[in-house]
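Peer 1: Just so it is clear, I am handing over protein28.txt, which has compact mmCIF, C-alpha atoms.
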```txt
# COMPACT_ATOMS: atom_id res chain seq x y z
CA MET A 1 -98.07 74.43 -51.99
CA LYS A 2 -97.06 70.83 -52.62
CA SER A 3 -93.94 70.94 -50.43
CA ILE A 4 -96.01 71.49 -47.28
CA GLU A 5 -98.69 69.16 -45.97
CA ILE A 6 -101.01 69.06 -43.01
CA ASN A 7 -102.22 65.70 -41.79
CA PRO A 8 -103.95 65.39 -38.41
CA GLN A 9 -102.24 62.01 -37.93
CA ILE A 10 -98.72 63.37 -38.38
CA CYS A 11 -97.18 65.77 -35.83
CA ASN A 12 -100.62 66.58 -34.41
CA GLY A 13 -101.67 68.27 -37.63
CA LYS A 14 -98.85 70.82 -37.65
CA PRO A 15 -97.58 71.84 -41.09
CA ILE A 16 -94.70 69.59 -42.14
CA ILE A 17 -92.38 69.28 -45.09
CA ALA A 18 -94.22 66.90 -47.44
CA ASN A 19 -93.28 63.23 -47.18
CA THR A 20 -91.30 63.81 -43.98
CA ARG A 21 -92.08 64.23 -40.31
CA ILE A 22 -90.17 67.53 -40.17
CA PRO A 23 -92.40 70.36 -38.92
CA VAL A 24 -92.14 73.75 -40.59
CA THR A 25 -91.53 75.20 -37.12
CA ILE A 26 -88.20 73.34 -36.94
CA ILE A 27 -87.04 75.29 -39.99
CA LEU A 28 -88.09 78.55 -38.31
CA ASP A 29 -86.39 77.58 -35.05
CA HIS A 30 -83.09 77.00 -36.84
CA LEU A 31 -83.35 80.29 -38.73
CA ALA A 32 -84.15 82.13 -35.50
CA ALA A 33 -81.04 80.54 -33.98
CA GLY A 34 -78.95 82.07 -36.76
CA LYS A 35 -78.62 79.07 -39.06
CA SER A 36 -78.59 79.61 -42.81
CA ILE A 37 -80.62 77.69 -45.37
CA GLU A 38 -77.41 75.88 -46.29
CA ASP A 39 -76.82 74.98 -42.62
CA ILE A 40 -80.35 73.58 -42.38
CA ASN A 41 -79.85 71.67 -45.62
CA ASN A 42 -76.69 70.12 -44.16
CA MET A 43 -78.52 69.16 -40.95
CA TYR A 44 -81.42 67.64 -42.92
CA PRO A 45 -79.85 66.29 -46.13
CA GLU A 46 -83.14 64.63 -47.05
CA LEU A 47 -84.57 68.12 -47.65
CA THR A 48 -83.93 70.15 -50.75
CA LYS A 49 -83.23 73.86 -50.55
CA LYS A 50 -86.50 74.37 -52.41
CA GLN A 51 -88.41 72.53 -49.65
CA ILE A 52 -86.76 74.77 -47.06
CA THR A 53 -87.61 77.95 -48.94
CA ASP A 54 -91.13 76.63 -49.57
CA ALA A 55 -91.50 76.29 -45.80
CA LEU A 56 -90.53 79.95 -45.42
CA ASN A 57 -92.91 80.99 -48.17
CA TYR A 58 -95.68 79.02 -46.46
CA CYS A 59 -95.04 80.93 -43.22
CA HIS A 60 -95.04 84.20 -45.11
CA LEU A 61 -98.41 83.38 -46.68
CA MET A 62 -99.89 82.38 -43.32
CA ILE A 63 -98.83 85.68 -41.78
CA GLU A 64 -99.81 87.70 -44.83
CA HIS A 65 -103.34 86.27 -44.84
CA SER A 66 -103.95 86.17 -41.09
CA GLU A 67 -105.83 88.69 -39.06
CA ILE A 68 -103.79 89.54 -36.01
CA GLU A 69 -105.38 91.35 -33.11
CA LEU A 70 -103.04 93.84 -31.51
CA VAL A 71 -103.16 94.18 -27.76
CA LEU A 72 -101.95 97.46 -26.33
CA ALA A 73 -100.08 97.29 -23.06
```
Spell out the structure here as structure tokens.
Peer 2:
Amino acid sequence: MKSIEINPQICNGKPIIANTRIPVTIILDHLAAGKSIEDINNMYPELTKKQITDALNYCHLMIEHSEIELVLA
């Protein structure tokens, strides 16, 4: 996915939107706070809507292909 990059020298190696210093987690934080993709695009006009949706798709792929250990309480 070309819109997302991981570089250990940028943001401690966290996934970022390519050619920016905007971590993918920022996009998730805004969505969790109830912001829309359009809201996020207005807050970060340097991002395209495609970059924002690519960040979401990246997160989906990471979850889809991760093994998560469930802990029963």
Peer 1: Could you state the separation of atom CA of A:Asp54 and atom CA of A:Ser3 in Å, given to one decimal place?
Peer 2: 6.4 Å
Peer 1: Residues within 12 Å of stretch 60-71 of chain A, please, as a VMD selection string. Count all atoms listed in the file; anything in the same chain fewer than 4 positions from it doesn't count.
Peer 2: chain A and resid 1 15 24 28 53 to 56
Peer 1: Could you please determine the separation between atom CA of A:Thr20 and atom CA of A:Glu46 in Å, to one decimal place?
Peer 2: 8.8 Å
Peer 1: Measuring atom to atom with all atoms listed in the file, identify which of A:Ala73, A:Cys59, A:Lys50, A:Lys2 is nearest to A:Ile26.
Peer 2: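 Closest candidate: A:Cys59.
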Peer 1: Nearest residue to A:Ala18 out of A:Ile37, A:Leu31, A:Ile52, A:Met43, using all atoms listed in the file?
Peer 2: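 Residue with the minimum atom-to-atom distance to A:Ala18: A:Ile52.
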Peer 1: Nearest to A:Tyr44 among A:Ala32, A:Ile17, A:Gln9, A:Tyr58, with distances taken over only C-alpha atoms: which residue is it?
Peer 2: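 Ranked by minimum distance to A:Tyr44, first place goes to A:Ile17.
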Peer 1: Find the distance between atom CA of A:Ile40 and atom CA of A:Ile6 and write it in Å to one decimal.
Peer 2: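 So the answer is 21.2 Å.
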Peer 1: Quick one: of A:Ile22, A:Lys49, A:Ile16, A:Leu72, who's nearest to A:Ser36, counting only C-alpha atoms?
Peer 2: A:Lys49
